[in-house]
>>> print(open('input18.txt').read())   # compact mmCIF, C-alpha atoms
# COMPACT_ATOMS: atom_id res chain seq x y z
CA MET N 13 -15.34 -0.49 -4.69
CA PRO N 14 -17.34 -3.67 -5.41
CA TYR N 15 -15.08 -6.46 -6.61
CA ILE N 16 -16.52 -8.76 -9.25
CA PRO N 17 -14.38 -11.89 -9.71
CA GLY N 18 -12.89 -12.10 -13.18
CA PHE N 19 -13.63 -8.49 -14.03
CA VAL N 20 -11.35 -5.50 -13.61
CA ASN N 21 -12.43 -2.04 -14.69
CA GLN N 22 -9.08 -0.87 -16.00
CA ALA N 23 -10.04 2.81 -16.07
CA GLN N 24 -11.08 2.70 -12.41
CA LEU N 25 -7.95 0.77 -11.52
CA ALA N 26 -5.76 3.30 -13.34
CA LYS N 27 -7.47 6.06 -11.39
CA ALA N 28 -6.85 4.24 -8.12
CA VAL N 29 -3.16 3.82 -8.98
CA GLU N 30 -2.89 7.48 -9.97
CA GLU N 31 -4.44 8.59 -6.68
CA ALA N 32 -2.19 6.27 -4.67
CA ALA N 33 0.90 7.46 -6.53
CA LYS N 34 0.16 11.02 -5.43
CA LYS N 35 0.83 9.92 -1.85
CA LEU N 36 4.37 8.80 -2.67
CA ASN N 37 7.42 10.92 -1.96
CA LYS N 38 8.03 12.87 -5.17
CA GLY N 39 11.72 13.07 -4.43
CA ASP N 40 11.94 9.28 -4.50
CA VAL N 41 9.56 8.32 -7.28
CA VAL N 42 9.94 9.41 -10.89
CA ARG N 43 7.13 7.29 -12.35
CA VAL N 44 4.69 4.52 -11.46
CA ASN N 45 3.48 2.27 -14.27
CA HIS N 46 1.28 -0.76 -13.93
CA SER N 47 -0.21 -3.56 -15.96
CA ILE N 48 -2.47 -6.47 -15.19
CA GLY N 49 -1.99 -10.06 -16.25
CA ALA N 50 -1.31 -13.51 -14.86
CA ASP N 51 1.64 -14.22 -12.61
CA THR N 52 3.78 -17.31 -13.12
CA GLY N 53 1.26 -19.30 -11.09
CA GLY N 54 -1.62 -18.18 -13.32
CA GLU N 55 -3.19 -15.91 -10.72
CA PRO N 56 -4.64 -12.54 -11.81
CA SER N 57 -2.09 -9.94 -10.81
CA ILE N 58 -1.09 -6.31 -10.97
CA PHE N 59 2.51 -5.56 -11.83
CA PHE N 60 3.86 -2.23 -10.66
CA ARG N 61 6.96 -0.88 -12.38
CA ILE N 62 8.40 2.01 -10.43
CA VAL N 63 11.25 4.23 -11.58
CA LEU N 64 13.14 5.71 -8.65
CA SER N 65 15.30 8.79 -8.57
CA ASP N 66 18.98 7.90 -8.44
CA ALA N 67 19.20 9.32 -4.92
CA ALA N 68 16.41 7.00 -3.77
CA SER N 69 18.09 4.01 -5.40
CA ARG N 70 21.14 4.04 -3.14
CA GLU N 71 21.92 0.56 -1.90
CA ASP N 72 21.92 1.52 1.78
CA THR N 73 18.38 2.94 1.68
CA LEU N 74 16.84 0.85 -1.10
CA ALA N 75 15.09 -1.58 1.24
CA ASP N 76 13.38 1.18 3.23
CA VAL N 77 12.47 3.28 0.19
CA THR N 78 11.01 0.39 -1.82
CA GLY N 79 9.31 -1.05 1.25
CA ASP N 80 7.58 2.26 1.99
CA ILE N 81 6.46 2.64 -1.63
CA ALA N 82 5.10 -0.89 -1.84
CA THR N 83 3.29 -0.50 1.48
CA THR N 84 1.70 2.79 0.41
CA LEU N 85 0.50 1.38 -2.91
CA PHE N 86 -0.69 -1.81 -1.21
CA ASP N 87 -2.61 0.02 1.52
CA GLU N 88 -4.10 2.66 -0.75
CA ILE N 89 -5.17 0.42 -3.63
CA ARG N 90 -5.89 -2.77 -1.64
CA PRO N 91 -5.27 -4.82 -4.80
CA ILE N 92 -6.27 -8.15 -3.26
CA GLU N 93 -9.45 -7.11 -1.48
CA ASN N 94 -10.68 -4.43 -3.90
CA TRP N 95 -9.53 -5.85 -7.20
CA GLY N 96 -8.79 -9.54 -6.74
CA LEU N 97 -5.23 -8.97 -7.95
CA THR N 98 -1.97 -10.16 -6.42
CA PRO N 99 0.48 -7.23 -6.38
CA TYR N 100 4.07 -7.38 -7.62
CA PHE N 101 6.58 -4.55 -7.46
CA ARG N 102 9.67 -3.94 -9.58
CA PHE N 103 12.00 -0.97 -9.14
CA ARG N 104 14.61 0.62 -11.38
CA SER N 105 16.72 3.70 -10.97
CA GLN N 106 16.28 6.63 -13.32
CA SER N 107 19.77 6.24 -14.76
CA GLU N 108 19.25 2.51 -15.34
CA GLN N 109 15.97 3.18 -17.11
CA ALA N 110 17.62 5.83 -19.30
CA THR N 111 19.67 3.09 -20.95
CA ARG N 112 16.66 0.86 -21.65
CA SER N 113 13.74 1.11 -24.04
CA GLU N 114 11.08 -1.30 -22.73
CA PRO N 115 7.73 0.47 -23.35
CA GLU N 116 6.17 -0.93 -20.18
CA TRP N 117 8.67 1.09 -18.15
CA ALA N 118 8.52 4.31 -20.20
CA MET R 6 26.01 -20.49 9.24
CA ALA R 7 22.80 -22.26 8.39
CA TYR R 8 22.13 -23.13 4.75
CA HIS R 9 19.49 -20.40 4.36
CA ASP R 10 21.88 -17.79 5.78
CA ASP R 11 24.55 -18.92 3.32
CA LEU R 12 22.06 -18.62 0.47
CA LEU R 13 21.12 -15.09 1.49
CA GLN R 14 24.78 -14.10 1.63
CA GLN R 15 25.33 -15.70 -1.77
CA ALA R 16 22.43 -13.68 -3.21
CA ILE R 17 23.99 -10.50 -1.83
CA ASP R 18 27.43 -11.41 -3.18
CA LEU R 19 26.05 -12.10 -6.65
CA ALA R 20 24.21 -8.76 -6.78
CA ASP R 21 27.35 -6.98 -5.57
CA LYS R 22 29.81 -8.88 -7.77
CA ASN R 23 30.31 -6.27 -10.46
CA PRO R 24 28.26 -3.17 -9.54
CA ALA R 25 29.36 -1.06 -12.51
CA SER R 26 28.56 -3.68 -15.10
CA PRO R 27 26.73 -6.67 -13.67
CA THR R 28 26.02 -9.67 -15.87
CA GLN R 29 22.50 -10.94 -16.37
CA ALA R 30 23.69 -14.31 -15.15
CA ASP R 31 24.83 -12.89 -11.81
CA LEU R 32 21.69 -10.78 -11.33
CA ARG R 33 19.32 -13.58 -12.26
CA ARG R 34 21.11 -16.09 -10.04
CA SER R 35 20.98 -13.51 -7.26
CA VAL R 36 17.19 -13.15 -7.58
CA SER R 37 16.71 -16.90 -7.70
CA THR R 38 18.99 -17.47 -4.71
CA ALA R 39 17.18 -14.81 -2.68
CA TYR R 40 13.97 -16.80 -3.10
CA TYR R 41 15.59 -20.07 -2.12
CA ALA R 42 17.07 -18.43 0.96
CA LEU R 43 13.58 -17.55 2.25
CA PHE R 44 12.17 -20.90 1.11
CA HIS R 45 14.77 -22.80 3.14
CA LEU R 46 14.47 -20.47 6.14
CA LEU R 47 10.75 -21.20 6.45
CA ILE R 48 11.27 -24.93 6.03
CA SER R 49 14.08 -24.92 8.57
CA GLU R 50 11.91 -23.06 11.08
CA THR R 51 9.10 -25.56 10.61
CA ILE R 52 11.03 -28.82 10.81
CA ALA R 53 12.99 -27.62 13.84
CA HIS R 54 9.86 -28.46 15.85
CA TRP R 55 10.03 -32.14 14.86
CA ASN R 56 11.51 -33.93 17.85
CA LEU R 57 13.34 -36.65 15.97
CA ALA R 58 16.28 -34.79 14.44
CA SER R 59 17.12 -37.58 11.99
CA SER R 60 13.66 -37.22 10.35
CA ARG R 61 13.74 -33.47 9.87
CA ASP R 62 15.32 -33.42 6.41
CA ALA R 63 12.78 -35.95 5.15
CA LEU R 64 9.99 -33.81 6.53
CA GLY R 65 11.51 -30.82 4.79
CA ARG R 66 11.06 -32.60 1.47
CA MET R 67 7.28 -32.54 1.99
CA PHE R 68 7.02 -28.82 1.30
CA GLU R 69 5.67 -27.78 -2.10
CA HIS R 70 6.49 -24.43 -3.65
CA SER R 71 2.96 -23.98 -5.03
CA VAL R 72 1.25 -24.72 -1.73
CA MET R 73 3.56 -22.37 0.16
CA ARG R 74 2.84 -19.66 -2.37
CA LYS R 75 -0.93 -20.12 -2.21
CA VAL R 76 -0.96 -20.03 1.58
CA SER R 77 1.33 -17.00 1.65
CA GLY R 78 -0.89 -15.16 -0.83
CA ARG R 79 -3.94 -15.75 1.33
CA ILE R 80 -2.28 -14.30 4.43
CA SER R 81 -2.46 -10.82 2.87
CA ASP R 82 -6.18 -11.14 2.11
CA SER R 83 -7.97 -9.59 5.07
CA ARG R 84 -11.27 -11.16 3.91
CA ILE R 85 -9.83 -14.64 4.49
CA PHE R 86 -7.55 -13.82 7.43
CA PRO R 87 -8.91 -10.79 9.34
CA PHE R 88 -6.64 -11.63 12.32
CA THR R 89 -9.23 -10.15 14.67
CA GLY R 90 -7.82 -9.46 18.12
CA GLU R 91 -4.21 -10.00 17.09
CA ASP R 92 -1.45 -7.44 17.57
CA PRO R 93 -1.57 -5.34 14.35
CA LYS R 94 2.23 -5.00 14.31
CA VAL R 95 2.72 -8.76 14.44
CA VAL R 96 0.07 -9.21 11.74
CA GLN R 97 1.78 -6.63 9.53
CA ASN R 98 5.13 -8.35 10.04
CA LEU R 99 3.66 -11.72 9.13
CA LYS R 100 2.16 -10.21 5.99
CA THR R 101 5.57 -8.75 5.14
CA VAL R 102 7.13 -12.22 5.26
CA ALA R 103 4.28 -13.88 3.36
CA GLN R 104 4.16 -11.20 0.66
CA ALA R 105 7.93 -11.41 0.28
CA PHE R 106 7.60 -15.14 -0.31
CA VAL R 107 4.98 -14.63 -3.04
CA GLU R 108 6.97 -11.91 -4.79
CA LEU R 109 10.28 -13.71 -4.55
CA GLN R 110 8.85 -16.95 -5.91
CA ASP R 111 7.29 -15.23 -8.91
CA ASN R 112 10.50 -13.39 -9.67
CA ARG R 113 12.47 -16.61 -9.18
CA HIS R 114 10.46 -18.14 -12.03
CA ILE R 115 11.10 -15.12 -14.24
CA ALA R 116 14.79 -14.98 -13.38
CA ASP R 117 15.30 -18.68 -13.99
CA TYR R 118 13.24 -19.19 -17.15
CA ASP R 119 12.31 -15.90 -18.89
CA ASN R 120 15.09 -14.79 -21.22
CA THR R 121 12.99 -11.86 -22.45
CA THR R 122 13.13 -10.06 -19.10
CA PHE R 123 16.12 -7.81 -18.49
CA TRP R 124 17.19 -7.29 -14.89
CA THR R 125 18.87 -4.15 -13.67
CA ARG R 126 21.03 -4.18 -10.56
CA THR R 127 18.43 -2.14 -8.66
CA GLU R 128 15.77 -4.71 -9.52
CA ALA R 129 17.98 -7.54 -8.27
CA LEU R 130 18.98 -5.64 -5.15
CA ARG R 131 15.34 -5.02 -4.37
CA GLU R 132 14.71 -8.80 -4.39
CA VAL R 133 17.74 -9.46 -2.20
CA THR R 134 16.78 -6.76 0.28
CA THR R 135 13.22 -8.07 0.32
CA ALA R 136 14.55 -11.47 1.33
CA ALA R 137 16.87 -9.93 3.93
CA LYS R 138 14.01 -7.93 5.39
CA ALA R 139 11.83 -11.06 5.50
CA PHE R 140 14.63 -12.80 7.45
CA SER R 141 14.85 -10.04 10.07
CA THR R 142 11.09 -9.62 10.25
CA TRP R 143 10.60 -13.34 10.71
CA ARG R 144 13.08 -13.41 13.60
CA ALA R 145 11.05 -10.71 15.35
CA ILE R 146 7.79 -12.67 15.18
CA LYS R 147 8.84 -16.32 14.99
CA ASN R 148 7.65 -17.14 18.49
CA LYS R 149 4.22 -15.60 18.05
CA LYS R 150 1.31 -17.98 17.65
CA ILE R 151 0.14 -16.64 14.28
CA ALA R 152 3.67 -17.03 12.94
CA GLN R 153 3.80 -20.64 14.09
CA ASP R 154 0.33 -21.24 12.64
CA TYR R 155 1.64 -19.86 9.34
CA LEU R 156 4.49 -22.37 9.34
CA VAL R 157 2.09 -25.27 9.82
CA SER R 158 -0.19 -23.95 7.09
CA LEU R 159 2.72 -24.03 4.63
CA LEU R 160 2.43 -27.81 4.66
CA ILE R 161 -1.34 -27.95 4.19
CA LYS R 162 -2.93 -27.65 0.78
CA PRO R 163 -5.70 -25.01 1.04
CA ARG R 164 -9.20 -26.08 0.04
CA ASP R 165 -10.67 -23.79 -2.66
>>> encode(input="input18.txt", output="structure tokens")
Amino acid sequence: MPYIPGFVNQAQLAKAVEEAAKKLNKGDVVRVNHSIGADTGGEPSIFFRIVLSDAASREDTLADVTGDIATTLFDEIRPIENWGLTPYFRFRSQSEQATRSEPEWA
Amino acid sequence: MAYHDDLLQQAIDLADKNPASPTQADLRRSVSTAYYALFHLLISETIAHWNLASSRDALGRMFEHSVMRKVSGRISDSRIFPFTGEDPKVVQNLKTVAQAFVELQDNRHIADYDNTTFWTRTEALREVTTAAKAFSTWRAIKNKKIAQDYLVSLLIKPRD
């Protein structure tokens, strides 16, 4: 994937995210959304919003589950090298998301 | 306990304060405190090498959040830092710490200043556990050369 600074083919990126998401544990992950934009330092970034199953959101396993998901997405998509984007990951449980209506998480 | 350890514990306590119905204030302070815990850990680890103990706190004031973030972001870019010949496990652990710093700092800004962002408890816990993992990962690699090089680089403004 040739990376051209300042240009992101969003369709290709969406495809890359979709392919990477297939490698995640389906019992843990309900949904993976993403968007691109600037982080608080102004750097081009990709923001992953991941809804976890309630079982995967347990406090005692949250670090391992979210760490594995972030590592898989990071390694598969290579957002820095392939896309020039700094990755950020946010996680919610399914029951938490059910009480919210932010479209970027839906 | 050291200040950074106290901060990490405080971040945990804030996220755990009212699990059934946490306030945004507690969750946002938890996220912010998790960042500052890692920030102060890395500074503490760096200035500990300064022989004159009475000068260490002054040296600690030389660190800049933006420089530390920029350096940490570059660590994960294999085009800039291929780490050829280094132990891949140590490299991965260093990247874990550096990436945690970048993520935590960005979310610290959001938690402290962005009133439009709602935080769930899982989101806050993720930040706290990311900081806790960075602490334990750092302790496993702190004596490795690339980890010590990283500490020094946190004080040096990268040339673009």
>>> residues_around(input="input18.txt", residues="Val77 (chain N)", least_positions_apart="6", cutoff="9 Å", atoms="all atoms listed in the file", output="list in words")
Asp40, Ala68 and Ser69 of chain N
>>> residues_around(input="input18.txt", residues="Gly54 (chain N)", least_positions_apart="2", cutoff="12 Å", atoms="all atoms listed in the file", output="list in words")
Ile48, Gly49, Ala50, Asp51, Thr52, Pro56, Ser57, Leu97 and Thr98 of chain N; Ser71, Arg74, Lys75 and Asp111 of chain R
>>> closest_residue(input="input18.txt", among="R:Leu12, R:Val102, R:Val36, R:Ile52", to="Lys138 (chain R)", atoms="only C-alpha atoms")
R:Val102
>>> interface_residues(input="input18.txt", of="chain R", to="chain N", cutoff="8 Å", atoms="all atoms listed in the file", output="PyMOL selection string")
chain R and resi 71+78+81-84+108+111+114-115+125+127-128+130-131+134-135+138
>>> atom_distance(input="input18.txt", atom1="CA of Gln104 (chain R)", atom2="CA of Ile161 (chain R)")
18.0 Å
>>> residues_around(input="input18.txt", residues="Ser47 (chain N)", least_positions_apart="5", cutoff="8 Å", atoms="only C-alpha atoms", output="list of chain:residue names")
N:Ile58, N:Phe59, N:Phe60
>>> closest_residue(input="input18.txt", among="R:Asp62, R:Ser77, R:Thr122, R:Ala137", to="Asp11 (chain R)", atoms="only C-alpha atoms")
R:Ala137
>>> closest_residue(input="input18.txt", among="N:Thr84, N:Ser113, N:Gln106, N:Asn94", to="Glu31 (chain N)", atoms="all atoms listed in the file")
N:Thr84
>>> atom_distance(input="input18.txt", atom1="CA of Glu91 (chain R)", atom2="CA of Ala145 (chain R)")
15.4 Å
>>> atom_distance(input="input18.txt", atom1="CA of Met67 (chain R)", atom2="CA of Leu109 (chain R)")
20.2 Å
>>> residues_around(input="input18.txt", residues="Ala139 (chain R)", least_positions_apart="5", cutoff="10 Å", atoms="only C-alpha atoms", output="number ranges by chain")
R: 43, 46, 98-106, 133-134, 144-145
>>> closest_residue(input="input18.txt", among="N:Asn21, N:Ala32, N:Trp117, N:Val63", to="Phe123 (chain R)", atoms="all atoms listed in the file")
N:Trp117
>>> residues_near_point(input="input18.txt", point="(5.2, -25.1, 0.7)", cutoff="10 Å", atoms="all atoms listed in the file", output="PyMOL selection string")
chain R and resi 44+47-48+65-77+156-162
>>> residues_around(input="input18.txt", residues="Glu116 (chain N)", least_positions_apart="6", cutoff="8 Å", atoms="all atoms listed in the file", output="VMD selection string")
chain N and resid 45 to 46 61
>>> closest_residue(input="input18.txt", among="R:Leu57, R:Ala42, R:Val96, R:Ala30", to="Gln15 (chain R)", atoms="all atoms listed in the file")
R:Ala42
>>> closest_residue(input="input18.txt", among="N:Ile62, N:Ile81, N:Phe19, N:Leu25", to="Asn37 (chain N)", atoms="all atoms listed in the file")
N:Ile81
>>> decode(input="input18.txt", residues="region 33-56 of chain N", atoms="N, CA and C atoms", output="PDB file, in the first residue's frame")
ATOM      1  N   ALA N  33     -10.707  -6.404  11.150  1.00  0.00           N
ATOM      2  CA  ALA N  33     -11.738  -6.705  12.141  1.00  0.00           C
ATOM      3  C   ALA N  33     -12.162  -8.172  12.074  1.00  0.00           C
ATOM      4  N   LYS N  34     -12.031  -8.772  10.895  1.00  0.00           N
ATOM      5  CA  LYS N  34     -12.397 -10.190  10.753  1.00  0.00           C
ATOM      6  C   LYS N  34     -11.481 -11.090  11.581  1.00  0.00           C
ATOM      7  N   LYS N  35     -10.305 -10.582  11.921  1.00  0.00           N
ATOM      8  CA  LYS N  35      -9.342 -11.392  12.677  1.00  0.00           C
ATOM      9  C   LYS N  35      -9.556 -11.280  14.186  1.00  0.00           C
ATOM     10  N   LEU N  36     -10.509 -10.453  14.593  1.00  0.00           N
ATOM     11  CA  LEU N  36     -10.781 -10.291  16.021  1.00  0.00           C
ATOM     12  C   LEU N  36     -11.720 -11.379  16.514  1.00  0.00           C
ATOM     13  N   ASN N  37     -11.639 -11.650  17.796  1.00  0.00           N
ATOM     14  CA  ASN N  37     -12.494 -12.663  18.412  1.00  0.00           C
ATOM     15  C   ASN N  37     -13.956 -12.188  18.401  1.00  0.00           C
ATOM     16  N   LYS N  38     -14.790 -12.904  17.686  1.00  0.00           N
ATOM     17  CA  LYS N  38     -16.186 -12.469  17.531  1.00  0.00           C
ATOM     18  C   LYS N  38     -16.961 -12.503  18.847  1.00  0.00           C
ATOM     19  N   GLY N  39     -16.495 -13.310  19.775  1.00  0.00           N
ATOM     20  CA  GLY N  39     -17.153 -13.339  21.069  1.00  0.00           C
ATOM     21  C   GLY N  39     -16.852 -12.107  21.913  1.00  0.00           C
ATOM     22  N   ASP N  40     -15.771 -11.430  21.576  1.00  0.00           N
ATOM     23  CA  ASP N  40     -15.372 -10.229  22.322  1.00  0.00           C
ATOM     24  C   ASP N  40     -15.886  -8.941  21.687  1.00  0.00           C
ATOM     25  N   VAL N  41     -15.882  -8.929  20.355  1.00  0.00           N
ATOM     26  CA  VAL N  41     -16.112  -7.663  19.637  1.00  0.00           C
ATOM     27  C   VAL N  41     -17.477  -7.666  18.967  1.00  0.00           C
ATOM     28  N   VAL N  42     -18.277  -6.661  19.316  1.00  0.00           N
ATOM     29  CA  VAL N  42     -19.588  -6.511  18.685  1.00  0.00           C
ATOM     30  C   VAL N  42     -19.457  -5.695  17.401  1.00  0.00           C
ATOM     31  N   ARG N  43     -18.630  -4.649  17.450  1.00  0.00           N
ATOM     32  CA  ARG N  43     -18.561  -3.726  16.303  1.00  0.00           C
ATOM     33  C   ARG N  43     -17.253  -2.945  16.372  1.00  0.00           C
ATOM     34  N   VAL N  44     -16.701  -2.656  15.193  1.00  0.00           N
ATOM     35  CA  VAL N  44     -15.523  -1.784  15.094  1.00  0.00           C
ATOM     36  C   VAL N  44     -15.861  -0.636  14.152  1.00  0.00           C
ATOM     37  N   ASN N  45     -15.898   0.568  14.674  1.00  0.00           N
ATOM     38  CA  ASN N  45     -16.078   1.758  13.844  1.00  0.00           C
ATOM     39  C   ASN N  45     -14.763   2.529  13.813  1.00  0.00           C
ATOM     40  N   HIS N  46     -14.624   3.350  12.798  1.00  0.00           N
ATOM     41  CA  HIS N  46     -13.431   4.205  12.777  1.00  0.00           C
ATOM     42  C   HIS N  46     -13.749   5.518  12.085  1.00  0.00           C
ATOM     43  N   SER N  47     -12.934   6.499  12.367  1.00  0.00           N
ATOM     44  CA  SER N  47     -13.005   7.769  11.638  1.00  0.00           C
ATOM     45  C   SER N  47     -11.595   8.324  11.575  1.00  0.00           C
ATOM     46  N   ILE N  48     -11.380   9.241  10.651  1.00  0.00           N
ATOM     47  CA  ILE N  48     -10.068   9.884  10.610  1.00  0.00           C
ATOM     48  C   ILE N  48     -10.242  11.379  10.882  1.00  0.00           C
ATOM     49  N   GLY N  49      -9.223  11.965  11.421  1.00  0.00           N
ATOM     50  CA  GLY N  49      -9.257  13.379  11.768  1.00  0.00           C
ATOM     51  C   GLY N  49      -7.947  13.744  12.439  1.00  0.00           C
ATOM     52  N   ALA N  50      -7.922  14.910  13.055  1.00  0.00           N
ATOM     53  CA  ALA N  50      -6.710  15.340  13.758  1.00  0.00           C
ATOM     54  C   ALA N  50      -6.842  15.010  15.234  1.00  0.00           C
ATOM     55  N   ASP N  51      -5.741  14.587  15.835  1.00  0.00           N
ATOM     56  CA  ASP N  51      -5.765  14.392  17.289  1.00  0.00           C
ATOM     57  C   ASP N  51      -5.580  15.745  17.974  1.00  0.00           C
ATOM     58  N   THR N  52      -5.492  15.758  19.289  1.00  0.00           N
ATOM     59  CA  THR N  52      -5.422  17.035  19.993  1.00  0.00           C
ATOM     60  C   THR N  52      -4.102  17.757  19.743  1.00  0.00           C
ATOM     61  N   GLY N  53      -3.133  17.054  19.173  1.00  0.00           N
ATOM     62  CA  GLY N  53      -1.870  17.694  18.802  1.00  0.00           C
ATOM     63  C   GLY N  53      -1.842  18.113  17.343  1.00  0.00           C
ATOM     64  N   GLY N  54      -2.955  17.894  16.630  1.00  0.00           N
ATOM     65  CA  GLY N  54      -3.043  18.289  15.230  1.00  0.00           C
ATOM     66  C   GLY N  54      -2.508  17.270  14.255  1.00  0.00           C
ATOM     67  N   GLU N  55      -2.121  16.098  14.742  1.00  0.00           N
ATOM     68  CA  GLU N  55      -1.573  15.066  13.859  1.00  0.00           C
ATOM     69  C   GLU N  55      -2.698  14.262  13.210  1.00  0.00           C
ATOM     70  N   PRO N  56      -2.546  13.905  11.911  1.00  0.00           N
ATOM     71  CA  PRO N  56      -3.553  13.058  11.271  1.00  0.00           C
ATOM     72  C   PRO N  56      -3.665  11.714  11.991  1.00  0.00           C
TER      73      PRO N  56
END
